[in-house]
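What follows is one structure encoded as structure tokens, with my remarks underneath.
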Amino acid sequence: MSLTLPSYPQPDGRGRYGRFGGRYVPETLIPALDELEAAYRAAKADPAFLGELDRLFREFVGRPSPLYLAQRLTDHAGGARIYLKREDFNYTGAHKINNCLAQALLAVRMGKRRVIAETGAGQHGVASATAAALLGLDCVVYMGAEDIRRQALNVFRMRLLGAEVREVTSGTSTLKDATNEAIRDWVTNVRETFYILGSVVGPHPYPAMVRDFQAVIGEEVKVQLQAVEGRSAPDAIVACVGGGSNAIGIFAPYAYLPAEERPRLIGTEAAGEGVESGRHAASMAGGRIGVLHGSMMYLLNDDEGQIVPPHSISAGLDYPGIGPEHCHYAETGVAEYVPVTDAQALEALQLLTRLEGIIPALESAHAIYHAVRLAQELGPDGVIVVNLSGRGDKDVAEVMRLLEMERDQGLLDKEVEQVTREVLA
Amino acid sequence: MTATLTRGAERIHAAFERVKAEGRAAFMPFMTAGYPSASAFPGVADALLAHADLLEVGIPYSDPLGDGPTIQRASEQALAGGTSTRRTLALVKELRARHDTPIVIMTYVNPIYAVGPREFMRLSQDAGVDGLILPDLPPDQDLEIADLAAEHGLAVTFLIAPTSTPERIKLVADACTGFLYAVSVTGVTGAREGTALGEVPAMLALAREYARVPVAVGFGVKDAQTAHQVAGVADGVVVGSAFVNAVREGQDVGALAASIAEGCRR
Ligand SMILES: Cc1ncc(COP(=O)(O)O)c(C=O)c1O
């Protein structure tokens, strides 16, 4: 399968998905965004660029990632067949590497020798640092102090890869603040720096470009599902949504099909301690339209426009906004978005681990949780594909801490407690 | 956009005319509303207004991505002290009762959208605001904001930067009704080392070719010397972080303002 980058009908010429998207950034960046857009358009049509990306996808990332029938999970759910798109197989452990390698190649093409990135869970930071090492670029990664604590292992990996990790202590010390800081760096060093943005957020053309680089996920599913089920579209696709890049990567190749051929597309938002609790990162369920990081989208912000700090068990979903294309999908009924809580994600992580021997990232566990519910709803004739966006290695220490806490509070059931005791022993 | 000048634009232009006749550049200090506290802010603003030709008041914002650490920390402190968008406009209304000097609001767009553009403009008009500076709104992003501002008698100011192409400078200059704001460096707000004007003269030459409004320069001006340099090429000199620093360190803001205002003489 030789690589082509897709062309979708959205966004419009001004970088809008309906009323969402756009370029709400300091004027300093507008020429850089124009330059990026032109460079991306040229790269997309250049066989040399596509060939090199294709080679790296295969030889470096390990694509195509498997599509795996999770039989024991399916049996447990007692309904539709659940397939997992194994982005956790990717080198560096998540879907983030697809986008990073592609953007880093673009940076080289544009003659930029310095790349910067923001990271929450650290997966995008590790992927950026990896791409920079591979291509010989200088790399600075901005990361909130709180996330540095939660993701110590990934911080070490970035440093080992030669990247400089800059701790961000402004605001809430998490992903949104790291993103602010990366944008400030870019505004300052825009002439020699390429900003590798980690999700389908930010000013145009980032949401479109990141989508196109991640769409390889959904394109592979079409082919793989055809081989095992005799049809290229499942009944439903479930993916977790932070900014929304892994979700758009698996949705977009289906999203523009006619409604009758389109599977149900379902994004799971991080509901933290519950949408009613106010401690969550569910931008659609609990937010309203606003502007952050250059684009108009659903956003956690109060009635005077101050950004409300998000909360999620998973650092990668801990973002107050959601990509503009998702907002447009929601508004036009192309996709649905459902909240999944911290506790439900933690439960799903343990479930998948014990039934399938796959420790998912906490982010991906949000999708697993909903897929099990959905399988029952769809019944045995149904087919679900879950985007397993990443593996749980990075989360194991945090999960251990959380389970210890639950044990101490007597919240664990007997069976889980037994396993936890063994794990923690 | 309305062809006739709004009340705010007229007042702003009149201020620039006045200083020009006096052989100076306009002195345009900036302060974050509600900093260092809601109760101490009016005193700080009075001290600045004693010397200012135009005052910029910033609405404190949680995610000010065009600002450096100085103004960001001031915003955090002002927000923690309870200064909101509506409270900022109430503070301006109080200042307006005592001062005739043009006052413009510096705000990111999200507070405008959250309050509702029409309601925001109505509140601003009611407070006696003369204009808006919108650091994260390139004029071609939202054509409604400028129209609504005009409807409510407010002028609008957009920014250009050293990276701006001639086409962008023309586009931005066309959209400005108050003054045009030229950012002196690629970067965020903050007092900087070094005093060289660098790319400013070339940028201003282009800006003047297109702009029908006065052109002010800001970012990095911190004292009388740097102000004097900028005053040699620009119609107005914007000074922000230096005053926020002065307030934080408990310096005499009035004295600093007097000295920088003096520096704005040509
Ligand atoms: C494994 C994993 N999944 C999902 C996400 C969320 O990002 P996005 O919504 O862009 O896929 C992250 C972000 O760090 C991640 O590491």
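Going through the structure tokens in order, the chains are called A, B, and so on, while each chain numbers its residues from 1 and the ligands are numbered from 1 in the order shown.
Set the cut-off at 7 Å, count only C-alpha atoms, and the residues of chain A near chain B turn out to be Gly22, Arg23, Tyr24, Val25, Pro26, Glu27, Thr28, Pro31, Asn180, Ile183, Arg184, Val187, Thr188, Gly290, Val291, Asp303, Glu304, Gly305, Gln306 and Ile307 of chain A.
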Exercise. Please identify the residues whose atoms come within 9 Å of ligand 1, using only C-alpha atoms and all ligand atoms, and report them as a PyMOL selection string.
Key: chain A and resi 87-88+93-96+119-125+198-201+239-249+269+314-319+322-323+360-365+387-392+394
Quiz item: Looking only at the backbone, which of the residues in range 133-189 of chain A does DSSP tag as alpha helix (DSSP H), as number ranges by chain?
Solution: A: 133-135, 145-150, 152-160, 175-189
Quiz prompt | Residue set, range 100-338 of chain A restricted to strand (DSSP E or B), as a PyMOL selection string | solution = chain A and resi 114-119+138-144+164-168+193-196+236-241+264-272+288-292+295-299+301+307+321+336-338
Set the distance at 9 Å and use only C-alpha atoms: which residues neighbour range 39-47 of chain A once local chain neighbours fewer than 5 positions away are removed? I'd like the list as a JSON list (two decimals) with all heavy atoms, in the first residue's frame.
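Everything below was put into selection.json:
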[["chain", "number", "residue", "atom", "x", "y", "z"],
["A", 4, "THR", "N", -0.72, 7.80, 0.17],
["A", 4, "THR", "CA", -1.17, 9.08, -0.34],
["A", 4, "THR", "C", -1.79, 9.81, 0.84],
["A", 4, "THR", "O", -2.28, 9.19, 1.77],
["A", 4, "THR", "CB", -2.26, 8.94, -1.43],
["A", 4, "THR", "OG1", -3.29, 8.10, -0.92],
["A", 4, "THR", "CG2", -1.71, 8.38, -2.71],
["A", 5, "LEU", "N", -1.72, 11.12, 0.84],
["A", 5, "LEU", "CA", -2.38, 11.87, 1.91],
["A", 5, "LEU", "C", -3.74, 12.31, 1.38],
["A", 5, "LEU", "O", -3.86, 12.76, 0.26],
["A", 5, "LEU", "CB", -1.52, 13.07, 2.33],
["A", 5, "LEU", "CG", -0.24, 12.66, 3.05],
["A", 5, "LEU", "CD1", 0.64, 13.87, 3.32],
["A", 5, "LEU", "CD2", -0.53, 11.93, 4.35],
["A", 6, "PRO", "N", -4.76, 12.11, 2.20],
["A", 6, "PRO", "CA", -6.13, 12.34, 1.74],
["A", 6, "PRO", "C", -6.45, 13.81, 1.52],
["A", 6, "PRO", "O", -5.76, 14.69, 2.03],
["A", 6, "PRO", "CB", -6.97, 11.80, 2.90],
["A", 6, "PRO", "CG", -6.09, 11.92, 4.10],
["A", 6, "PRO", "CD", -4.69, 11.73, 3.61],
["A", 34, "ASP", "N", 0.81, 30.82, 6.89],
["A", 34, "ASP", "CA", 0.68, 30.81, 5.42],
["A", 34, "ASP", "C", 1.80, 29.99, 4.79],
["A", 34, "ASP", "O", 1.58, 29.19, 3.88],
["A", 34, "ASP", "CB", 0.75, 32.25, 4.88],
["A", 34, "ASP", "CG", -0.57, 33.01, 5.08],
["A", 34, "ASP", "OD1", -1.62, 32.35, 5.23],
["A", 34, "ASP", "OD2", -0.54, 34.26, 5.09],
["A", 52, "GLU", "N", 9.21, 8.94, 1.41],
["A", 52, "GLU", "CA", 10.01, 8.92, 2.62],
["A", 52, "GLU", "C", 9.12, 8.68, 3.85],
["A", 52, "GLU", "O", 9.46, 7.90, 4.74],
["A", 52, "GLU", "CB", 10.78, 10.24, 2.77],
["A", 52, "GLU", "CG", 11.70, 10.35, 3.97],
["A", 52, "GLU", "CD", 12.82, 9.31, 3.99],
["A", 52, "GLU", "OE1", 12.91, 8.48, 3.07],
["A", 52, "GLU", "OE2", 13.60, 9.34, 4.96],
["A", 106, "LEU", "N", 8.49, 17.51, 7.35],
["A", 106, "LEU", "CA", 8.10, 18.80, 6.76],
["A", 106, "LEU", "C", 9.04, 19.91, 7.23],
["A", 106, "LEU", "O", 9.42, 20.79, 6.44],
["A", 106, "LEU", "CB", 6.65, 19.10, 7.14],
["A", 106, "LEU", "CG", 5.91, 20.18, 6.37],
["A", 106, "LEU", "CD1", 5.94, 19.93, 4.87],
["A", 106, "LEU", "CD2", 4.46, 20.26, 6.86],
["A", 109, "ARG", "N", 12.15, 19.74, 5.27],
["A", 109, "ARG", "CA", 11.84, 20.24, 3.92],
["A", 109, "ARG", "C", 11.80, 21.77, 3.88],
["A", 109, "ARG", "O", 12.18, 22.39, 2.89],
["A", 109, "ARG", "CB", 10.46, 19.70, 3.57],
["A", 109, "ARG", "CG", 10.22, 19.40, 2.13],
["A", 109, "ARG", "CD", 8.77, 18.96, 2.00],
["A", 109, "ARG", "NE", 8.18, 19.65, 0.89],
["A", 109, "ARG", "CZ", 8.22, 19.16, -0.35],
["A", 109, "ARG", "NH1", 8.76, 18.00, -0.60],
["A", 109, "ARG", "NH2", 7.69, 19.85, -1.35],
["A", 110, "MET", "N", 11.33, 22.36, 4.99],
["A", 110, "MET", "CA", 11.23, 23.82, 5.05],
["A", 110, "MET", "C", 12.53, 24.47, 5.52],
["A", 110, "MET", "O", 12.60, 25.69, 5.69],
["A", 110, "MET", "CB", 10.08, 24.22, 5.99],
["A", 110, "MET", "CG", 8.70, 23.86, 5.46],
["A", 110, "MET", "SD", 7.37, 24.16, 6.67],
["A", 110, "MET", "CE", 7.30, 25.96, 6.67],
["A", 205, "PRO", "N", -3.18, 25.81, 9.41],
["A", 205, "PRO", "CA", -3.65, 24.52, 8.90],
["A", 205, "PRO", "C", -3.43, 23.33, 9.83],
["A", 205, "PRO", "O", -3.59, 22.19, 9.39],
["A", 205, "PRO", "CB", -2.79, 24.34, 7.64],
["A", 205, "PRO", "CG", -1.47, 24.90, 8.02],
["A", 205, "PRO", "CD", -1.81, 26.09, 8.93],
["A", 209, "MET", "N", -3.87, 19.41, 8.81],
["A", 209, "MET", "CA", -2.62, 18.70, 8.53],
["A", 209, "MET", "C", -2.45, 17.49, 9.46],
["A", 209, "MET", "O", -2.11, 16.39, 9.01],
["A", 209, "MET", "CB", -1.46, 19.69, 8.70],
["A", 209, "MET", "CG", -0.11, 19.12, 8.35],
["A", 209, "MET", "SD", 1.17, 20.41, 8.42],
["A", 209, "MET", "CE", 1.28, 20.69, 10.17]]
With a distance cut-off of 10 Å and only C-alpha atoms, select the neighbouring residues of Arg11 in chain B, excluding the residue or stretch itself and same-chain residues fewer than 6 positions from it, and output the selection as a short mmCIF file (atom, residue, chain, number, x, y, z; two decimals) with N, CA, C and O atoms, in the first residue's frame.
data_model
loop_
_atom_site.label_atom_id
_atom_site.label_comp_id
_atom_site.auth_asym_id
_atom_site.auth_seq_id
_atom_site.Cartn_x
_atom_site.Cartn_y
_atom_site.Cartn_z
N LEU B 5 -16.07 58.59 11.17
CA LEU B 5 -15.31 58.20 12.34
C LEU B 5 -16.24 58.02 13.54
O LEU B 5 -17.17 58.78 13.74
N GLU B 17 -3.22 64.21 17.37
CA GLU B 17 -3.01 65.53 16.75
C GLU B 17 -2.36 66.49 17.74
O GLU B 17 -1.42 67.21 17.42
N LEU B 54 -2.82 58.47 26.23
CA LEU B 54 -3.82 57.43 26.01
C LEU B 54 -3.47 56.30 26.98
O LEU B 54 -2.30 55.97 27.14
N ASP B 100 -10.31 62.66 31.20
CA ASP B 100 -10.74 62.88 29.84
C ASP B 100 -9.90 62.13 28.82
O ASP B 100 -10.25 62.01 27.64
N THR B 101 -8.75 61.64 29.28
CA THR B 101 -7.78 60.97 28.40
C THR B 101 -8.43 59.75 27.74
O THR B 101 -9.16 59.01 28.40
N PRO B 102 -8.16 59.51 26.45
CA PRO B 102 -8.70 58.30 25.81
C PRO B 102 -8.23 57.03 26.53
O PRO B 102 -7.07 56.94 26.95
N ILE B 103 -9.17 56.11 26.70
CA ILE B 103 -8.86 54.83 27.32
C ILE B 103 -9.26 53.72 26.35
O ILE B 103 -10.39 53.72 25.85
N ASP B 130 -12.89 54.02 24.64
CA ASP B 130 -12.76 54.65 23.33
C ASP B 130 -12.39 53.66 22.24
O ASP B 130 -12.67 53.91 21.06
N GLY B 131 -11.71 52.59 22.63
CA GLY B 131 -11.29 51.67 21.58
C GLY B 131 -10.87 50.33 22.14
O GLY B 131 -10.78 50.13 23.36
N ALA B 155 -13.37 52.55 18.56
CA ALA B 155 -12.35 52.35 17.54
C ALA B 155 -11.72 50.97 17.74
O ALA B 155 -11.77 50.41 18.83
N GLY B 178 -8.65 53.15 15.09
CA GLY B 178 -8.11 53.98 16.17
C GLY B 178 -6.68 54.36 15.84
O GLY B 178 -6.38 55.44 15.37
#
